[in-house]
Structures are given as structure tokens and as C-alpha cells.
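Below you'll find the structure, written out as C-alpha cells, and then a few comments.
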Amino acid sequence: MLQRRKGLLPWLLLGPGLLWLVLFFLVPIYYMGRISLFEGSDLEGFDFTWHFQTYVDAFEAYKTQLGRSLLYAGAATAIAFVIGYPLAYVIAMRGGKYRNALLLLVILPFFTTYLVRTLAWQTILDDQSAIVDVLKTLGLVADDGRVLATTGAVVAGITYNFLPFMILPLYAAIERIDRRTLEAAYDLYANRRQVFLRVTLPMSMPGVVAGVLLTFIPAAGDFVNAELLGSPQQTMIGNVIQSRYLEVTDYPTAAALSFMLMGLLLLLVGIWAKIAGTEALMGSEAK
Amino acid sequence: MRTLGRRALDWSLNAYAGLVLVYLLVPIAIVILFSFNDTNSRFNFEWQGFTLRHWEDPGGPAGLLDAMRTSVEIAAITAVAATALGTMMALALVRYRFRGRGSTNFFIFLPLAAPEVVLGASLLSLFLTVGVATGYSTIVIAHIMFCVSFVVVTVRARLIGFDRALEEAAQDLGATGLQTFRLITFPLIAPGIAAAALLAFALSVDDFVVTNFNAGDTVTFPVYIWGAARISIPPQVNVMATIIFCLSLVFMLLTVWEQRHAQKMTQTQG
């Protein structure tokens with residue numbers, strides 16, 4: 001009797017939460033799949049006809065935006081890595097007793113609303129802003145050029161918004177490295193570059209893997225930065241899904257595009273896991 | 001010569017890290033600064049002088065205060081519900097070995113890995129098909145859904161470092177299962193639960209993408225900003241954002257302080 005109750009108890013605890021996730025996360029994906037195979041329009045009504053053609057048409061019509069999303073997300077992830085790694089390294093290795101305070105500074109942007117943060121970049125990159133003037137004086141921007149409504153602005157916005165997602169896992173991984181391994185490398189006459197490339201960087205790989213995923217996935221689906229900092233030339237797949245669903249009520253196309261985005265991301269995550277090793281991907285979880 | 005080069009490298013690395021921090025913080029400074037901007041144009045982009053005008057009348061623009069109230073209400077409901085559901089799940093996952101534990105862990109992780117557009121769009125698909133009108137309650141449903149996984153991860157981290165001997169001691173002294181939970185387990189994991197609730201609250205107040213799909217005619221703070229961004233953004237939005245920022249900071253510091261305090265307490269006792 002006791003044994004049976006013990007077997008049931010975890011499921012009683014899990015039940016309500018799991019039910020919620022199944023009903024409002026899993027089931028919705030099924031319905032989105034169904035809608036993506038509908039035929040018709042909002043006016044005439046939709047019919048479920050296994051209409052796979054929508055996927056072909058949607059891909060043909062929006063492959064530019066799909067490709068652009070992956071490109072922007074890739075660029076933002078790469079930049080976030082280059083910007084984030086040194087900061088994570090300095091905090092983890094040299095932060096000392098200020099570590100937690102410095103980490104707090106890293107997550108501080110999350111305390112302002114996402115949209116407000118992005119609007120602040122609108123202010124910073126606006127044609128009249130002092131920073132753009134400086135960029136013009138330095139010759140980095142043409143005298144009659146602008147920064148807002150360019151690819152650069154959108155990628156910069158995405159990079160900024162997801163940078164903490166890159167820094168935090170990197171920090172966690174670097175902080176966990178046993179300092180004695182580094183000392184051992186120095187004792188064996190490795191120079192700083194060798195220690196970094198052959199000890200520190202490989203040992204921080206779990207953080208790199210997690211950081212790349214946590215930055216790339218939300219970046220690829222984002223549409224806020226493209227909308228607020230870009231022009232129609234920077235439209236990403238998120239913008240298309242958003243407007244197809246909410247403005248044009250072309251549900252099948254929007255649903256099909258959502259699935260294509262998910263599929264592409266799964267594919268890329270799979271490839272990334274192959275390259276970086278599944279152990280690094282699931283390592284901390286599995287233990 | 002070598003030490004000089006080494007010192008230069010050290011120095012430049014620190015300087016670089018400092019610059020990155022500045023990059024992270026500049027937009028926050030802009031948000032706060034422009035809540036004091038004496039602007040009269042439709043857009044709050046250009047600095048035109050200092051004023052306290054917007055702080056004296058934070059609810060000036062029509063609908064802003066209502067939107068803020070809606071956001072806070074929804075976040076409170078979300079925080080309570082998601083924390084209750086998520087804490088129970090975390091308890092089950094850490095405390096029990098059962099079949100399907102691994103796949104449950106994986107399933108809970110999935111919503112964290114899915115892009116927000118997909119979460120929002122699929123939920124709207126469900127509501128469209130079933131014929132539920134989107135609005136206040138569908139926002140709550142959506143927010144609880146994406147917060148639960150965050151709560152599980154946060155509370156689980158706290159539970160993993162938990163000393164089971166304390167519970168065994170209570171049971172040896174004749175406490176029932178429920179008493180043990182109420183008197184021992186809950187007080188010890190309470191900081192983790194509080195942190196999870198705060199996180200859920202913050203995620204809910206901040207969410208735009210999923211909300212936008214499932215909001216119907218209901219206007220939350222981010223939905224208000226999104227609408228305003230196309231017409232004109234009143235400086236009071238910056239006032240609200242600054243208030244949210246300061247409150248989050250205070251709560252964050254309080255939780256950190258409370259955790260330190262709790263750690264010290266257990267250290268001196270143990």
C-alpha cells in the first residue's frame with residue numbers, strides 16, 4: 001500500500017503543472033499544425049484539406065525573410081560571443097568579491113521593459129543623436145547616412161537584447177574551471193595564449209554551447225528589433241508570422257512559417273550539438 | 001619587457017570588459033534620463049531640457065495607467081499560479097525516482113527552448129480553433145504556461161542543495177509528512193520559491209511577444225508601448241519603466257540579501 005502511494009505521489013505533484021503544459025504548449029502546436037494544412041481564407045472560411053502546398057508557397061514567398069532571420073541571428077550570436085566572452089572571463093577570473101555585483105550589472109538591462117530598452121536604442125541611433133554625430137565625424141557613417149533603419153541597427157539591437165543570455169552561461173562555465181589546471185599548464189611552461197586556447201577555452205565549452213543556443217534561438221524568432229530599429233528591408237520571419245496572424249489573418253501561411261522556423265532551428269541545434277558534442281549540451285543537466 | 005606587455009594585456013582586457021558593461025548600461029541611463037526630458041514633440045528622441053513634469057503626472061496619457069494596472073494584476077496571478085504549479089513539479093523531479101522522470105525533465109525544458117513567436121502563434125491557433133475569444137484570461141493562461149518552466153528550474157536549483165538529514169530528523173521525532181513539509185522543507189526552500197515568484201512576475205510584466213498574440217482587446221503595459229510606438233511615445237512610458245527598474249532592483253537586492261542572511265544563519269547553526 002505504502003509502495004503504491006509512493007509511486008503515485010510524484011505524479012500527483014507533477015499532474016497539474018504537466019496538464020497545463022500539455023494543454024497550453026503541446027496541444028497548441030498540434031492545432032497550429034492543423035491550421036497550417038487548411039485551405040481557404042478568413043472571409044470564405046477555412047477547410048482542413050491536408051493542403052501541403054501552403055508550405056511550398058510560403059517558403060517561396062518568404063525565403064528571403066527566413067534566410068535573413070538566420071543570418072541576423074547568426075551575426076548577433078557571433079558578436080555577442082566576441083563581446084561577451086572577455087567580460088565573462090574578467091568577472092569569473094578577476095571579479096573577486098565583486099563578482100556578484102558585476103553579474104548584477106550584467107542582468108540589469110532585464111529590469112527595464114524589453115520594448116522600452118529597444119526604444120532607448122531608437123533614441124541612441126536616431127538621426128539627431130549625438131552618438132550618430134560622433135560616428136559621422138569619425139567617418140564610420142557617411143555624412144548623409146543614417147544608422148537607424150539599417151541592418152546594422154537591427155543586428156545591434158538583437159545583440160544587445162540577448163547579450164546577457166550569452167554572458168551568464170559563459171560566466172558559469174569559466175567560473176567552474178579548476179584554477180589548479182591552469183597553474184599546472186603554466187608549470188609545464190605553456191604561455192598565456194596556449195593556456196587560454198588549450199585549457200580555458202575548451203573547458204568553458206559547455207558555456208559556449210549553452211550561450212550560443214540561448215542567444216541564437218530567441219534572436220531568430222525576434223521581430224521587435226526589426227520593427228522598431230529597422231525598415232521594411234530588414235523584415236524578419238517573426239515580423240511575417242506576426243502580421244500574417246494578427247493583421248492579414250492568413251493563418252495557414254503564418255502557421256506553416258512557424259513550423260518552418262521551428263524545423264530550421266531544430267536542424268541547426270542538431271548540427272550544433274553534433275559539432276560541439278551532446279555531452280557539452282546536456283552535460284550539466286545529465287549530472 | 002615581458003611583464004610590461006603582460007600588464008598592458010591585463011589592462012586592455014579589463015578596459016574592454018568595462019566598455020562592455022558601459023554598453024549594457026547606456027540604454028538604461030537613456031531610459032531614465034529621458035523620463036526627465038522636457039519634450040513637446042510626438043517622439044521623445046531629442047533632449048530638450050530637464051523637467052519633473054512627467055513625474056508629477058505619470059498617469060497623464062490616456063490608457064497608460066490602466067495598462068500598467070492590467071500588467072501588474074496579470075503578473076500577480078501568474079506569479080502565484082506558476083509558482084504553485086512549478087514548485088510541486090520541482091519537488092517531484094528532485095525528490096522521487098520514477099519512470100518517465102528524464103523525459104518529463106526534457107519536456108519541461110522545451111518551452112524554454114522554443115522561440116516566443118512560436119509559443120504565441122501556436123496558442124492563438126488553439127484559441128482560434130476552439131473558438132475562445134482572446135483577452136485577459138488567455139493572457140493569464142499564456143503567461144502561466146511560459147513561466148512554469150522557469151519556476152521549475154529555479155526551485156529545482158534550490159532543492160538540489162538541500163540537506164535531507166533535516167527532514168529525516170523531523171520524521172524521527174515523529175512529525176507527519178505534512179508537518180515535515182510545513183515546518184522544515186518549506187521554510188528552507190522558501191527563498192528559492194520567492195526568487196521563482198519574483199522571476200515569474202518580472203517575466204509576465206515584461207512579456208510582449210506571446211501577449212501580443214493572445215491579448216485580444218486587452219492592453220498590457222508592453223502592448224500599450226507597442227501601439228504607442230507607431231503614433232507617439234509619451235515620456236510617461238519612461239517614467240513607468242524607471243519605476244519598474246527601481247522596484248526590480250530593490251527586490252533583487254532584497255532576495256540576495258535574504259539569501260546571504262539565510263546562508264549565514266545555517267552556517268552558524270551548523
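Starting from 1 in every chain, residues are counted up; chains themselves are A, B, ... following the order of the C-alpha cells, and ligands are numbered from 1 as listed.
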
Can you check which parts of chain B lie within 7 Å of chain A? Per residue, the shortest pair of atoms and distance in Å to one decimal, counting only C-alpha atoms, sorted by chain and number, as a tab-separated table.
residue	atom	partner	partner_atom	distance
B:Leu13	CA	A:Pro86	CA	6.9
B:Asn14	CA	A:Val90	CA	6.7
B:Ala17	CA	A:Leu87	CA	4.5
B:Val20	CA	A:Ile83	CA	6.7
B:Leu21	CA	A:Val106	CA	6.9
B:Leu24	CA	A:Pro109	CA	6.7
B:Leu25	CA	A:Pro109	CA	6.8
B:Pro27	CA	A:Ala120	CA	5.4
B:Ile28	CA	A:Pro109	CA	6.6
B:Ile30	CA	A:Ala120	CA	6.2
B:Val31	CA	A:Ala120	CA	5.9
B:Phe45	CA	A:Thr123	CA	4.9
B:Glu46	CA	A:Gln128	CA	6.9
B:Leu85	CA	A:Gly17	CA	4.8
B:Gly86	CA	A:Gly17	CA	6.4
B:Met88	CA	A:Leu13	CA	5.0
B:Met89	CA	A:Leu14	CA	4.6
B:Ala92	CA	A:Pro10	CA	4.7
B:Tyr96	CA	A:Pro10	CA	6.4
B:Pro115	CA	A:Pro218	CA	5.1
B:Glu116	CA	A:Gly221	CA	6.9
B:Val117	CA	A:Gly221	CA	6.1
B:Val118	CA	A:Ser258	CA	5.8
B:Ser122	CA	A:Pro28	CA	4.9
B:Leu123	CA	A:Pro28	CA	5.0
B:Ser125	CA	A:Met32	CA	5.2
B:Leu126	CA	A:Pro28	CA	4.9
B:Met145	CA	A:Leu21	CA	6.0
B:Asp206	CA	A:Thr113	CA	5.3
B:Pro222	CA	A:Leu115	CA	6.6
B:Ala241	CA	A:Thr112	CA	5.9
B:Ile244	CA	A:Thr112	CA	6.7
B:Phe245	CA	A:Phe111	CA	4.9
B:Ser248	CA	A:Phe111	CA	5.9

- Task: Taking the chain letters and numbering used in this document, name the residues of segment 36-231 of chain A that DSSP puts in helix (DSSP H, G or I), as a count of residues only.
- Result: 149

As an mmCIF file with N, CA and C atoms, in the first residue's frame, please: every residue in segment 17-256 of chain A that DSSP puts in strand (DSSP E).
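Written output follows (selection20.cif):
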data_model
loop_
_atom_site.group_PDB
_atom_site.id
_atom_site.type_symbol
_atom_site.label_atom_id
_atom_site.label_comp_id
_atom_site.auth_asym_id
_atom_site.auth_seq_id
_atom_site.Cartn_x
_atom_site.Cartn_y
_atom_site.Cartn_z
ATOM 1 N N PHE A 38 -4.709 23.956 -43.593
ATOM 2 C CA PHE A 38 -6.006 24.470 -44.017
ATOM 3 C C PHE A 38 -5.911 25.084 -45.407
ATOM 4 N N GLU A 39 -7.064 25.145 -46.047
ATOM 5 C CA GLU A 39 -7.154 25.843 -47.321
ATOM 6 C C GLU A 39 -8.321 26.814 -47.212
ATOM 7 N N GLY A 40 -8.184 27.982 -47.840
ATOM 8 C CA GLY A 40 -9.287 28.937 -47.811
ATOM 9 C C GLY A 40 -8.830 30.287 -47.304
ATOM 10 N N SER A 41 -9.774 31.126 -46.923
ATOM 11 C CA SER A 41 -9.429 32.440 -46.409
ATOM 12 C C SER A 41 -10.363 32.776 -45.258
ATOM 13 N N GLY A 45 -13.971 31.189 -45.162
ATOM 14 C CA GLY A 45 -13.886 30.077 -44.228
ATOM 15 C C GLY A 45 -12.757 29.143 -44.612
ATOM 16 N N PHE A 46 -12.220 28.417 -43.602
ATOM 17 C CA PHE A 46 -11.100 27.509 -43.849
ATOM 18 C C PHE A 46 -11.570 26.062 -43.837
ATOM 19 N N ASP A 47 -10.937 25.223 -44.653
ATOM 20 C CA ASP A 47 -11.220 23.793 -44.619
ATOM 21 C C ASP A 47 -9.926 23.036 -44.423
ATOM 22 N N PHE A 48 -10.010 21.949 -43.659
ATOM 23 C CA PHE A 48 -8.834 21.117 -43.449
ATOM 24 C C PHE A 48 -8.706 20.155 -44.621
#

- Determine the nearest neighbour of Val80 of chain B from the options B:Ala114, B:Leu199, B:Leu119, B:Leu4, counting only C-alpha atoms.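 Looking only at the distances to Val80 of chain B, the closest residue turns out to be B:Leu199.
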